[in-house]
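Asker: Structure in structure tokens, see below.
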Amino acid sequence: PVIGIPSDLLGNEAWCGRAHLVLSILAHAFIRGCVCCGEPTTERLLPRQIAEPLVAVSRALGTQPICTYYGSAMINWKRIDPMGPIELK
């Protein structure tokens with residue numbers, strides 16, 4: 001089944017960012033296959049179960065439905081102490 005995304009969640013940027021990260025990694029893994037085993041796949045089409053929710057959250061975020069550095073690293077963090085200073089240690 002295709003996962004439907006409630007419209008109220010599409011307005012939540014943090015939720016959409018996490019959903020985009022998970023779905024884009026799933027899409028990447030599906031297309032690339034298990035290259036560590038020496039058996040890359042030749043899949044060229046994503047199943048609807050991955051593609052439709054990925055496109056929906058990508059549109060909500062105004063980004064492309066691919067795994068990017070921004071999506072996997074830049075927004076995938078939080079401050080340990082929200083009230084403390086931002087500093088390098």
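For the structure tokens, the naming scheme is as follows: chains receive sequential letters (A, B, ...) according to their order of presentation, residues are indexed from 1 within each chain, and ligands are indexed from 1 in presentation order.
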Could you give me the residues within chain A that DSSP places in helix (DSSP H, G or I), as a PyMOL selection string?
Answerer: chain A and resi 7-10+13-32+35-37+48-61+69-74
Asker: For each of A:Ile3, A:Ile50, A:Ala60, A:Cys67, take the minimum atom-to-atom distance to Ile25 (chain A), counting only C-alpha atoms, then give the residue where this is smallest.
Answerer: A:Cys67
Asker: For Ile5 (chain A), work out the shell of residues within 10 Å, counting only C-alpha atoms and skipping chain neighbours fewer than 6 positions away, then give it as a ChimeraX atom specification.
Answerer: /A:16,52-53,56-57
Asker: Could you take the residues named above and write them with N, CA, C and O atoms, as a short mmCIF file (atom, residue, chain, number, x, y, z; two decimals), in the first residue's frame?
Answerer:
```cif
data_model
loop_
_atom_site.label_atom_id
_atom_site.label_comp_id
_atom_site.auth_asym_id
_atom_site.auth_seq_id
_atom_site.Cartn_x
_atom_site.Cartn_y
_atom_site.Cartn_z
N CYS A 16 8.50 16.99 7.67
CA CYS A 16 8.78 16.78 6.24
C CYS A 16 10.26 16.56 6.00
O CYS A 16 10.64 15.75 5.15
N GLU A 52 5.69 8.12 -4.32
CA GLU A 52 4.61 9.08 -4.07
C GLU A 52 4.80 9.88 -2.79
O GLU A 52 4.69 11.11 -2.80
N PRO A 53 5.11 9.24 -1.63
CA PRO A 53 5.34 10.05 -0.44
C PRO A 53 6.59 10.94 -0.57
O PRO A 53 6.62 12.07 -0.07
N ALA A 56 5.66 13.98 -2.53
CA ALA A 56 4.78 14.85 -1.73
C ALA A 56 5.57 15.69 -0.73
O ALA A 56 5.37 16.90 -0.63
N VAL A 57 6.48 15.05 0.02
CA VAL A 57 7.24 15.83 1.01
C VAL A 57 8.25 16.73 0.31
O VAL A 57 8.55 17.82 0.81
#
```
Asker: Find the residues near Ser24 (chain A): any atom within 8 Å, counting only C-alpha atoms, skip ones fewer than 5 places away on the same chain, and give them as a ChimeraX atom specification.
Answerer: /A:54,65-67
Asker: Would you save the residues of that selection, restricted to N, CA, C and O atoms, as a PDB file, in the first residue's frame?
Answerer:
```pdb
ATOM      1  N   LEU A  54       7.622  10.445  -1.258  1.00  0.00           N
ATOM      2  CA  LEU A  54       8.844  11.238  -1.444  1.00  0.00           C
ATOM      3  C   LEU A  54       8.556  12.494  -2.260  1.00  0.00           C
ATOM      4  O   LEU A  54       9.010  13.588  -1.914  1.00  0.00           O
ATOM      5  N   PRO A  65      13.317  15.401  -5.128  1.00  0.00           N
ATOM      6  CA  PRO A  65      13.161  14.120  -4.450  1.00  0.00           C
ATOM      7  C   PRO A  65      14.400  13.229  -4.563  1.00  0.00           C
ATOM      8  O   PRO A  65      14.358  12.116  -5.079  1.00  0.00           O
ATOM      9  N   ILE A  66      15.531  13.757  -4.089  1.00  0.00           N
ATOM     10  CA  ILE A  66      16.782  13.000  -4.077  1.00  0.00           C
ATOM     11  C   ILE A  66      17.472  13.227  -2.745  1.00  0.00           C
ATOM     12  O   ILE A  66      17.205  14.200  -2.045  1.00  0.00           O
ATOM     13  N   CYS A  67      18.370  12.340  -2.394  1.00  0.00           N
ATOM     14  CA  CYS A  67      19.144  12.485  -1.161  1.00  0.00           C
ATOM     15  C   CYS A  67      20.266  13.494  -1.417  1.00  0.00           C
ATOM     16  O   CYS A  67      21.074  13.311  -2.327  1.00  0.00           O
TER      17      CYS A  67
END
```
Asker: Between A:Gly62, A:Gly17, A:Ile86, A:Val55, which has the minimum distance to Met74 (chain A) (counting only C-alpha atoms)?
Answerer: A:Gly17
Asker: Could you find all residues in region 1-80 of chain A that DSSP calls strand (DSSP E) from the backbone, and write them as a ChimeraX atom specification?
Answerer: /A:33-34,39-40
Asker: Between A:Lys89, A:Arg32, A:His20, A:Arg48, which has the minimum distance to Thr68 (chain A) (counting only C-alpha atoms)?
Answerer: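 The closest residue to Thr68 (chain A) is A:His20.
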Asker: Quick one: distance from CA of Ala51 (chain A) to CA of Leu23 (chain A) in Å, one decimal?
Answerer: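 So the answer is 8.2 Å.
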Asker: Tell me, in Å to one decimal, how far CA of Ala73 (chain A) is from CA of Gln49 (chain A).
Answerer: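 These atoms are spaced 24.5 Å apart.
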Asker: Could you please determine the separation between CA of Ser58 (chain A) and CA of Val2 (chain A) in Å, to one decimal place?
Answerer: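 Distance reported for this atom pair: 16.1 Å.
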Asker: Might you pull out every residue within 12 Å of Ala14 (chain A), with only C-alpha atoms counted and same-chain residues fewer than 3 positions away left off, and present them as a ChimeraX atom specification?
Answerer: /A:9-11,17-21,57,60-61,71,75-78
